[in-house]
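Below is one structure, written out as structure tokens, with a few remarks after it.
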Amino acid sequence: MSASDDAPSDDTRDDLALVATGIAKVYGATCALRSARLALRRGRVHALLGENGAGKSTLVKILVGAVTPDAGHIALAGAPVAFGSVTQAIRAGIVPIYQHLSLFPELSIHENLSAFALAAGGGLWTGRRLVDPARARGWLKEVGLDVDLAAPLGSLSLGERQLVEVARALSLDCRVLVLDEPTAALNADEADRLFAVVRRLCASGTAALFISHRFDEIEALADEVTVLRDGRTVIDAAPIGRHSREELTHAMLGAGVEAAPARLSERAAPVLVGRGLAAGRHGRGSLDVIVHAGEIVGLAGLIGSGALSLAATLGGAQAGPGELSVGDASFMPGDRRRAAALGIAYVPADRHAEGLFGALSARRNASVSGLGRLARLGWLRARAEAQMVDPLLRRLKLHPALPEAEAATFSGGNQQKLLIARGLAVPGLKAMVLLEPTRGVDVAARGVIHDAIREAAASGVAVLVATSDLDELMVLAHRYLVVREGTLAAELPRSAPRAALLAALSGSAAA
Amino acid sequence: MMAKRLPGTSRPLRLSRPPAVALVCLGLFLLCCAFVPRFATFGNIENVLRVASILCVVACGQAVVILLGGIEFSFGASAALASVVTVMALPVLGPVGGLATGGASVIAIGAVNGFLVGRLALPPVIVTLGTLMMASGAAAWLVGGLPIDAPPSAAFSWPARGRVLGVPVPILAALLACAALHLMLAHGRIGRLWYHVGANPVAARLAGLDVTRITTLGYAVAGAFCAVGAIILTSRVASGQPALAPNLPFETIAACAIGGLPLSGGRGRVSQVVFGVLTVAMLNNAVVLINLPVAWQLVLLGLAVLAAVGLQKDWAVLARLARRTDR
Ligand SMILES: Nc1ncnc2c1ncn2[C@@H]1O[C@H](COP(=O)(O)OP(=O)(O)OP(=O)(O)O)[C@@H](O)[C@H]1O
Ligand SMILES: [Mg+2]
């Protein structure tokens with residue numbers, strides 16, 4: 001970055017890859033975008049910031065042709081464009097990398113890499129269905145993947161699959177790479193790898209649009225930033241570093257976030273007890289975990305360490321060796337039904353696959369674990385249902401505040417709030433097991449969710465949080481359990497410094 | 001600001017908006033009135049409703065299965081088996097006992113389907129195709145291939161030809177079936193659970209629901225709806241027929257699809273089923289009245305299903321139309 005740092009408000013600059021102006025989109029009663037402007041420059045990574053429901057994903061969907069805007073203009077390298085479909089946008093060089101991966105896990109990596117070539121036509125009837133293996137290998141090398149072309153995609157980790165998706169983008173003349181919260185499901189290493197690839201692509205003239213709620217990532221990767229608030233662009237392509245985090249947060253929310261005074265609740269008797277558990281498929285059932293009433297235990301571990309798997313087991317979601325109990329009642333790992341009946345809330349890590357009922361209303365999503373209490377002689381009492389979950393939705397600031405709207409129409413962060421509300425609404429709540437509880441959630445909502453978790457703990461609930469977000473762990477947990485290679489490698493007190501935690505995670509030095 | 005207050009506890013009473021298929025159904029009705037000879041006569045309309053009513057009862061069952069994200073192919077065969085069982089049981093159990101036995105056999109097949117899909121997690125298409133073949137084979141074997149007649153009796157013919165307060169029994173049965181399904185779906189706990197399992201079975205399990213039981217119960221309830229339809233059908237033909245209603249599963253699936261239930265599950269209302277059924281029944285009736293070969297019924301039905309599913313995929317247009325009337 002040098003002289004070009006000065007604000008590029010002039011749409012005629014010739015290094016502009018894509019300019020979208022005056023974009024508006026209305027869904028029924030909700031205005032997703034009012035007047036958004038976005039200008040991406042070649043060779044730059046552009047961060048798009050905004051609170052949950054600000055319209056970021058909607059803007060992205062419009063850019064990649066998945067949604068038609070109600071108003072506005074898009075120009076690609078100076079020429080106006082209007083895409084009718086994602087295929088058209090991709091052909092024009094705007095390539096989306098999805099969080100929910102648009103790849104085919106049953107097919108080989110080679111076939112996945114050839115998908116665009118096949119979609120472009122011609123390939124089906126000619127003998128050459130797949131792209132030249134040498135070229136395919138070249139793309140994989142460029143994204144830093146060393147894998148067998150013939151291996152099924154499903155054998156790769158989520159992070160590696162995302163890199164395959166980026167590699168596939170290379171098969172086209174990719175002019176704009178669009179990444180909507182690509183790191184939400186990645187660990188730090190995988191994210192770093194993705195960033196390196198994005199930077200390399202940009203160095204060769206591609207423009208990248210990057211959406212994230214994590215300032216660390218944005219500062220590490222982006223050159224410029226645009227902030228959306230309530231469907232409008234409020235900061236337009238400012239160089240990173242011109243605005244402080246506080247200023248950006250203020251621009252996003254229209255207000256600052258005051259750091260809540262984190263009061264620690266008192267730890268009391270053991271509530272959630274697991275004995276002889278295994279972390280991950282290869283673990284030997286030998287782990288004991290005890291979570292006390294009023295306590296928030298932070299479970300930390302790198303991806304593949306088995307931390308998430310151990311947490312899922314404790315929530316009753318995953319079968320395995322060992323035995324679990326809450327209070328006096330015991331249950332088997334994997335018996336999620338009984339766990340829920342005993343008052344254990346569980347928030348899964350994969351929101352779409354394991355959590356959300358997209359076709360059902362927000363209220364129904366939140367109330368599902370409490371239906372037993374709402375029914376009388378098999379008859380659901382609608383009023384009691386609203387009384388049970390609406391206050392929770394209000395408290396978590398669900399936006400838009402429409403409990404009867406379908407869950408699928410809410411923004412990613414607001415969908416996450418529905419899962420948290422579901423957990424808080426479990427009747428006779430005794431323990432909460434939360435996997436990545438604030439994934440995809442903005443700073444303000446993150447604070448609200450953290451407060452709700454702390455409050456639950458303060459009222460005597462035993463809480464276990466498993467997250468790859470170290471900051472989250474450090475503000476929430478009373479003590480940390482570190483999982484490494486399927487074993488409980490360390491237990492650290494709240495006072496442990498970050499460095500000690502990092503060391504325990506990677507197993508480098510003795511903590 | 002767009003943010004609205006949460007409605008909280010006081011909710012204004014309001015009628016839900018009619019499904020998009022209502023427009024299609026109305027359009028077809030007007031078309032038939034205008035262009036199909038003898039369509040708009042009292043006798044014919046009653047006839048359409050009578051045919052529609054059997055379809056409607058069974059389609060209610062199909063809707064439950066589709067809501068669960070499954071599909072039921074065994075309905076026609078189990079209805080045929082029911083007719084055979086009924087007629088064979090007649091001499092021993094009398095007309096009421098015979099019909100009840102026939103109905104019970106349909107529910108049993110439904111429960112078996114439910115067990116196989118819910119407990120053993122087998123794919124619904126395969127399971128219900130399997131029971132279709134078994135029920136069909138069993139029915140043919142029991143009667144030795146040829147239909148057997150039932151001795152005429154008033155009680156036996158009541159389900160098809162009786163009237164209560166002037167209303168034909170099949171139409172009454174359809175109304176009751178719709179009311180029952182509506183209560184289950186809109187207010188019952190079990191209906192809500194079906195929606196959850198259909199919308200996302202994994203999430204349903206992790207939310208603490210007993211997915212196995214909910215699914216099994218759903219298929220059994222679907223079987224119960226089909227049993228009512230089978231009893232009416234058997235009474236109407238007054239015989240045990242191994243090939244009683246081979247198109248029943250297709251017609252009911254078509255009715256649900258035309259009504260706008262996505263086959264992926266988790267969505268759907270009774271009104272959609274009703275309008276879907278009426279559309280199918282009118283199509284079938286029109287084919288007969290125009291003097292097209294009856295085989296055309298299936299061709300038209302197939303076209304209608306393709307059109308409906310095509311529209312659904314791109315139904316933003318219809319949804320927008322409907323929303324305009326909403327606010
Ligand atoms: N299909 C839809 N129907 C109705 N409303 C929608 C639909 N899609 C999006 N919205 C609404 O548009 C607004 C913007 O949503 P969008 O997904 O763009 O937010 P976002 O900025 O990506 O938020 P997040 O950070 O939570 O992902 C939200 O209020 C959302 O409820
Ligand atoms: Mg989003």
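Naming scheme: A, B, ... for chains in displayed order of the structure tokens; residues 1 onward per chain; ligands 1 onward as shown.
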Kindly work out which residues sit at most 10 Å from ligand 1, using only C-alpha atoms and all ligand atoms, and give the list as an mmCIF file with N, CA and C atoms, in the first residue's frame.
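Final file, part.cif:
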data_model
loop_
_atom_site.group_PDB
_atom_site.id
_atom_site.type_symbol
_atom_site.label_atom_id
_atom_site.label_comp_id
_atom_site.auth_asym_id
_atom_site.auth_seq_id
_atom_site.Cartn_x
_atom_site.Cartn_y
_atom_site.Cartn_z
ATOM 1 N N LYS A 25 -32.664 -4.175 -1.798
ATOM 2 C CA LYS A 25 -33.393 -5.450 -1.859
ATOM 3 C C LYS A 25 -34.376 -5.527 -0.702
ATOM 4 N N VAL A 26 -35.628 -5.776 -1.043
ATOM 5 C CA VAL A 26 -36.662 -5.885 -0.011
ATOM 6 C C VAL A 26 -37.212 -7.304 -0.010
ATOM 7 N N TYR A 27 -37.332 -7.883 1.181
ATOM 8 C CA TYR A 27 -37.990 -9.184 1.333
ATOM 9 C C TYR A 27 -39.254 -8.970 2.149
ATOM 10 N N GLY A 28 -40.400 -9.006 1.523
ATOM 11 C CA GLY A 28 -41.640 -8.841 2.285
ATOM 12 C C GLY A 28 -41.591 -7.580 3.121
ATOM 13 N N ALA A 29 -41.608 -7.741 4.442
ATOM 14 C CA ALA A 29 -41.623 -6.582 5.327
ATOM 15 C C ALA A 29 -40.213 -6.157 5.723
ATOM 16 N N THR A 30 -39.207 -6.948 5.318
ATOM 17 C CA THR A 30 -37.838 -6.651 5.732
ATOM 18 C C THR A 30 -37.060 -6.012 4.597
ATOM 19 N N CYS A 31 -36.385 -4.917 4.926
ATOM 20 C CA CYS A 31 -35.534 -4.259 3.954
ATOM 21 C C CYS A 31 -34.115 -4.756 4.192
ATOM 22 N N ALA A 32 -33.645 -5.672 3.347
ATOM 23 C CA ALA A 32 -32.323 -6.246 3.575
ATOM 24 C C ALA A 32 -31.238 -5.256 3.174
ATOM 25 N N LEU A 33 -31.452 -4.570 2.046
ATOM 26 C CA LEU A 33 -30.492 -3.567 1.583
ATOM 27 C C LEU A 33 -31.263 -2.329 1.157
ATOM 28 N N LEU A 48 -15.800 -6.700 4.225
ATOM 29 C CA LEU A 48 -17.144 -6.141 4.354
ATOM 30 C C LEU A 48 -17.597 -6.417 5.777
ATOM 31 N N LEU A 49 -17.877 -5.321 6.491
ATOM 32 C CA LEU A 49 -18.244 -5.440 7.899
ATOM 33 C C LEU A 49 -19.681 -5.004 8.096
ATOM 34 N N GLY A 50 -20.271 -5.501 9.152
ATOM 35 C CA GLY A 50 -21.627 -5.070 9.483
ATOM 36 C C GLY A 50 -22.206 -6.011 10.507
ATOM 37 N N GLU A 51 -23.162 -5.512 11.292
ATOM 38 C CA GLU A 51 -23.724 -6.381 12.322
ATOM 39 C C GLU A 51 -24.587 -7.465 11.682
ATOM 40 N N ASN A 52 -25.046 -8.409 12.486
ATOM 41 C CA ASN A 52 -25.893 -9.486 11.979
ATOM 42 C C ASN A 52 -27.159 -8.897 11.379
ATOM 43 N N GLY A 53 -27.425 -9.257 10.137
ATOM 44 C CA GLY A 53 -28.635 -8.761 9.492
ATOM 45 C C GLY A 53 -28.422 -7.427 8.792
ATOM 46 N N ALA A 54 -27.165 -6.959 8.711
ATOM 47 C CA ALA A 54 -26.904 -5.680 8.055
ATOM 48 C C ALA A 54 -27.110 -5.788 6.547
ATOM 49 N N GLY A 55 -27.022 -6.994 6.017
ATOM 50 C CA GLY A 55 -27.240 -7.175 4.586
ATOM 51 C C GLY A 55 -26.018 -7.661 3.831
ATOM 52 N N LYS A 56 -24.985 -8.085 4.531
ATOM 53 C CA LYS A 56 -23.753 -8.508 3.873
ATOM 54 C C LYS A 56 -23.985 -9.701 2.944
ATOM 55 N N SER A 57 -24.607 -10.745 3.494
ATOM 56 C CA SER A 57 -24.811 -11.941 2.672
ATOM 57 C C SER A 57 -25.742 -11.649 1.508
ATOM 58 N N THR A 58 -26.715 -10.789 1.749
ATOM 59 C CA THR A 58 -27.629 -10.440 0.665
ATOM 60 C C THR A 58 -26.864 -9.741 -0.452
ATOM 61 N N LEU A 59 -25.974 -8.823 -0.081
ATOM 62 C CA LEU A 59 -25.178 -8.116 -1.080
ATOM 63 C C LEU A 59 -24.323 -9.119 -1.864
ATOM 64 N N VAL A 60 -23.738 -10.055 -1.151
ATOM 65 C CA VAL A 60 -22.921 -11.072 -1.809
ATOM 66 C C VAL A 60 -23.766 -11.887 -2.782
ATOM 67 N N LYS A 61 -24.958 -12.280 -2.328
ATOM 68 C CA LYS A 61 -25.806 -13.088 -3.204
ATOM 69 C C LYS A 61 -26.173 -12.313 -4.458
ATOM 70 N N ILE A 62 -26.317 -11.005 -4.318
ATOM 71 C CA ILE A 62 -26.632 -10.188 -5.488
ATOM 72 C C ILE A 62 -25.427 -10.126 -6.433
ATOM 73 N N VAL A 67 -29.311 -13.732 -6.345
ATOM 74 C CA VAL A 67 -30.493 -12.936 -5.998
ATOM 75 C C VAL A 67 -30.509 -11.724 -6.910
ATOM 76 N N ASP A 180 -17.754 -15.374 1.888
ATOM 77 C CA ASP A 180 -18.694 -14.972 2.944
ATOM 78 C C ASP A 180 -18.455 -15.831 4.180
ATOM 79 N N GLU A 181 -17.860 -15.257 5.189
ATOM 80 C CA GLU A 181 -17.501 -15.949 6.435
ATOM 81 C C GLU A 181 -16.850 -17.308 6.165
ATOM 82 N N ILE A 211 -15.763 -11.479 4.098
ATOM 83 C CA ILE A 211 -16.678 -11.138 5.189
ATOM 84 C C ILE A 211 -16.295 -11.921 6.429
ATOM 85 N N SER A 212 -16.210 -11.217 7.534
ATOM 86 C CA SER A 212 -15.893 -11.881 8.798
ATOM 87 C C SER A 212 -16.344 -10.989 9.942
ATOM 88 N N HIS A 213 -16.573 -11.608 11.083
ATOM 89 C CA HIS A 213 -16.892 -10.823 12.273
ATOM 90 C C HIS A 213 -15.686 -10.693 13.189
ATOM 91 N N LEU A 228 -21.320 -1.840 6.337
ATOM 92 C CA LEU A 228 -22.751 -1.736 6.068
ATOM 93 C C LEU A 228 -23.488 -1.577 7.387
ATOM 94 N N ARG A 229 -24.440 -0.686 7.418
ATOM 95 C CA ARG A 229 -25.323 -0.639 8.579
ATOM 96 C C ARG A 229 -26.754 -0.544 8.095
ATOM 97 N N ASP A 230 -27.571 -1.481 8.520
ATOM 98 C CA ASP A 230 -28.988 -1.458 8.184
ATOM 99 C C ASP A 230 -29.196 -1.284 6.680
ATOM 100 N N GLY A 231 -28.393 -1.990 5.883
ATOM 101 C CA GLY A 231 -28.585 -1.973 4.443
ATOM 102 C C GLY A 231 -27.968 -0.806 3.710
ATOM 103 N N LEU A 398 -33.082 -10.715 18.617
ATOM 104 C CA LEU A 398 -33.318 -11.305 17.300
ATOM 105 C C LEU A 398 -33.735 -10.199 16.329
ATOM 106 N N HIS A 399 -33.080 -10.171 15.181
ATOM 107 C CA HIS A 399 -33.399 -9.122 14.217
ATOM 108 C C HIS A 399 -33.592 -9.726 12.826
ATOM 109 N N PRO A 400 -34.675 -9.496 12.120
ATOM 110 C CA PRO A 400 -35.837 -8.715 12.571
ATOM 111 C C PRO A 400 -36.613 -9.470 13.644
ATOM 112 N N ALA A 401 -37.286 -8.700 14.507
ATOM 113 C CA ALA A 401 -37.984 -9.303 15.645
ATOM 114 C C ALA A 401 -39.310 -9.910 15.203
ATOM 115 N N LEU A 402 -39.218 -10.899 14.318
ATOM 116 C CA LEU A 402 -40.421 -11.546 13.798
ATOM 117 C C LEU A 402 -40.375 -13.029 14.137
ATOM 118 N N ALA A 405 -41.449 -15.578 11.461
ATOM 119 C CA ALA A 405 -40.792 -15.697 10.160
ATOM 120 C C ALA A 405 -39.992 -16.993 10.109
ATOM 121 N N GLU A 406 -39.859 -17.539 8.911
ATOM 122 C CA GLU A 406 -39.110 -18.780 8.753
ATOM 123 C C GLU A 406 -37.648 -18.592 9.117
ATOM 124 N N ALA A 407 -37.091 -19.575 9.808
ATOM 125 C CA ALA A 407 -35.711 -19.476 10.268
ATOM 126 C C ALA A 407 -34.754 -19.265 9.102
ATOM 127 N N ALA A 408 -35.064 -19.872 7.943
ATOM 128 C CA ALA A 408 -34.155 -19.778 6.804
ATOM 129 C C ALA A 408 -34.011 -18.346 6.313
ATOM 130 N N THR A 409 -34.966 -17.474 6.624
ATOM 131 C CA THR A 409 -34.879 -16.111 6.110
ATOM 132 C C THR A 409 -34.044 -15.208 7.018
ATOM 133 N N PHE A 410 -33.598 -15.717 8.161
ATOM 134 C CA PHE A 410 -32.799 -14.875 9.038
ATOM 135 C C PHE A 410 -31.330 -14.904 8.625
ATOM 136 N N SER A 411 -30.603 -13.847 9.020
ATOM 137 C CA SER A 411 -29.177 -13.816 8.705
ATOM 138 C C SER A 411 -28.465 -14.839 9.571
ATOM 139 N N GLY A 412 -27.246 -15.207 9.154
ATOM 140 C CA GLY A 412 -26.498 -16.264 9.831
ATOM 141 C C GLY A 412 -26.395 -16.051 11.341
ATOM 142 N N GLY A 413 -26.032 -14.863 11.744
ATOM 143 C CA GLY A 413 -25.857 -14.603 13.167
ATOM 144 C C GLY A 413 -27.165 -14.725 13.929
ATOM 145 N N ASN A 414 -28.243 -14.302 13.297
ATOM 146 C CA ASN A 414 -29.546 -14.395 13.966
ATOM 147 C C ASN A 414 -30.031 -15.833 14.047
ATOM 148 N N GLN A 415 -29.643 -16.655 13.083
ATOM 149 C CA GLN A 415 -29.965 -18.077 13.178
ATOM 150 C C GLN A 415 -29.248 -18.684 14.385
ATOM 151 N N GLN A 416 -28.023 -18.245 14.611
ATOM 152 C CA GLN A 416 -27.284 -18.747 15.760
ATOM 153 C C GLN A 416 -28.002 -18.373 17.056
ATOM 154 N N LYS A 417 -28.581 -17.169 17.088
ATOM 155 C CA LYS A 417 -29.310 -16.756 18.294
ATOM 156 C C LYS A 417 -30.483 -17.704 18.560
ATOM 157 N N ARG A 439 -20.352 -18.495 16.767
ATOM 158 C CA ARG A 439 -19.868 -18.562 15.388
ATOM 159 C C ARG A 439 -20.769 -17.717 14.482
ATOM 160 N N GLY A 440 -20.167 -16.789 13.748
ATOM 161 C CA GLY A 440 -20.937 -15.971 12.806
ATOM 162 C C GLY A 440 -21.750 -14.866 13.450
ATOM 163 N N VAL A 441 -21.453 -14.579 14.732
ATOM 164 C CA VAL A 441 -22.255 -13.602 15.459
ATOM 165 C C VAL A 441 -21.472 -12.295 15.580
ATOM 166 N N ASP A 442 -22.136 -11.144 15.472
ATOM 167 C CA ASP A 442 -21.404 -9.875 15.521
ATOM 168 C C ASP A 442 -21.002 -9.522 16.953
ATOM 169 N N ALA A 445 -23.902 -8.840 19.520
ATOM 170 C CA ALA A 445 -24.674 -10.035 19.836
ATOM 171 C C ALA A 445 -23.825 -11.035 20.611
ATOM 172 N N MET B 2 -37.332 -0.976 10.658
ATOM 173 C CA MET B 2 -38.133 -2.131 10.289
ATOM 174 C C MET B 2 -38.469 -2.990 11.502
ATOM 175 N N ALA B 3 -37.652 -2.850 12.531
ATOM 176 C CA ALA B 3 -37.840 -3.756 13.673
ATOM 177 C C ALA B 3 -39.232 -3.606 14.240
#
Give me the residues near Leu476 in chain A as a PyMOL selection string, where near means some atom within 8 Å (using only C-alpha atoms) and where sequence neighbours in that chain fewer than 2 positions away do not count.
chain A and resi 296+298+450+454+472-474+478
Store the residues of this selection in a file with all heavy atoms, as a short mmCIF file (atom, residue, chain, number, x, y, z; two decimals), in the first residue's frame.
data_model
loop_
_atom_site.label_atom_id
_atom_site.label_comp_id
_atom_site.auth_asym_id
_atom_site.auth_seq_id
_atom_site.Cartn_x
_atom_site.Cartn_y
_atom_site.Cartn_z
N ILE A 296 -18.37 -22.28 34.42
CA ILE A 296 -18.24 -22.36 32.97
C ILE A 296 -16.88 -22.97 32.66
O ILE A 296 -15.85 -22.37 32.96
CB ILE A 296 -18.34 -20.97 32.30
CG1 ILE A 296 -19.65 -20.28 32.69
CG2 ILE A 296 -18.24 -21.10 30.79
CD1 ILE A 296 -19.78 -18.87 32.15
N GLY A 298 -14.18 -24.15 29.96
CA GLY A 298 -13.81 -23.95 28.57
C GLY A 298 -13.03 -25.14 28.06
O GLY A 298 -12.01 -25.51 28.63
N HIS A 450 -22.87 -14.02 25.48
CA HIS A 450 -21.99 -14.28 26.62
C HIS A 450 -22.68 -13.95 27.94
O HIS A 450 -22.59 -14.70 28.91
CB HIS A 450 -20.69 -13.49 26.49
CG HIS A 450 -19.77 -14.06 25.46
ND1 HIS A 450 -18.61 -13.45 25.07
CD2 HIS A 450 -19.86 -15.20 24.74
CE1 HIS A 450 -18.00 -14.19 24.15
NE2 HIS A 450 -18.75 -15.24 23.93
N ARG A 454 -23.41 -16.47 31.02
CA ARG A 454 -22.96 -16.19 32.39
C ARG A 454 -24.14 -16.18 33.35
O ARG A 454 -24.05 -16.68 34.47
CB ARG A 454 -22.27 -14.83 32.44
CG ARG A 454 -20.86 -14.88 31.91
CD ARG A 454 -20.10 -13.64 32.31
NE ARG A 454 -19.01 -13.45 31.38
CZ ARG A 454 -19.03 -12.58 30.38
NH1 ARG A 454 -20.07 -11.80 30.21
NH2 ARG A 454 -18.01 -12.50 29.57
N GLU A 472 -12.86 -15.88 23.11
CA GLU A 472 -14.13 -16.24 23.71
C GLU A 472 -13.91 -17.10 24.95
O GLU A 472 -14.52 -16.88 26.00
CB GLU A 472 -14.96 -17.01 22.68
CG GLU A 472 -16.19 -17.67 23.26
CD GLU A 472 -17.23 -17.89 22.19
OE1 GLU A 472 -17.06 -18.80 21.37
OE2 GLU A 472 -18.22 -17.13 22.18
N LEU A 473 -13.01 -18.04 24.81
CA LEU A 473 -12.71 -18.93 25.92
C LEU A 473 -12.24 -18.11 27.12
O LEU A 473 -12.65 -18.35 28.26
CB LEU A 473 -11.60 -19.88 25.47
CG LEU A 473 -11.63 -21.28 26.01
CD1 LEU A 473 -12.94 -21.94 25.65
CD2 LEU A 473 -10.48 -22.07 25.42
N MET A 474 -11.38 -17.13 26.84
CA MET A 474 -10.75 -16.40 27.94
C MET A 474 -11.72 -15.46 28.64
O MET A 474 -11.54 -15.18 29.81
CB MET A 474 -9.52 -15.67 27.43
CG MET A 474 -8.51 -16.67 26.89
SD MET A 474 -6.85 -16.06 26.64
CE MET A 474 -6.35 -15.63 28.28
N HIS A 478 -14.22 -20.33 33.56
CA HIS A 478 -13.66 -20.29 34.90
C HIS A 478 -12.38 -21.09 34.96
O HIS A 478 -11.50 -20.83 35.75
CB HIS A 478 -14.64 -20.88 35.91
CG HIS A 478 -15.88 -20.06 36.05
ND1 HIS A 478 -16.85 -20.32 36.97
CD2 HIS A 478 -16.31 -18.99 35.37
CE1 HIS A 478 -17.83 -19.45 36.86
NE2 HIS A 478 -17.52 -18.64 35.88
#
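Residue nearest Phe116 in chain A within the list A:Ala82, A:Ala169, A:Val482, A:Ala136: A:Ala169 [criterion: smallest interatomic distance, only C-alpha atoms].
When only C-alpha atoms are used to compute distances to chain B, the closest of the residues A:Ala238, A:Ala489, A:Ala312, A:Val461 turns out to be A:Ala312.
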Correct to one decimal, the distance CA of Ala281 in chain B-CA of Val85 in chain B is 27.6 Å
With a distance cut-off of 8 Å and only C-alpha atoms, select the neighbouring residues of range 389-396 of chain A, excluding the residue or stretch itself and same-chain residues fewer than 4 positions from it, and output the selection as an MDAnalysis selection string.
(chainID A and resid 363 366:367 385 401 403 417:418 421:422 424:425 445 448:449) or (chainID B and resid 6 8)
Would you list the contacts of Gly98 in chain B as a ChimeraX atom specification, taking every protein, DNA or RNA residue within 10 Å and counting only C-alpha atoms, but skipping same-chain residues closer than 4 positions in sequence?
/B:82-94,102-104,156,231
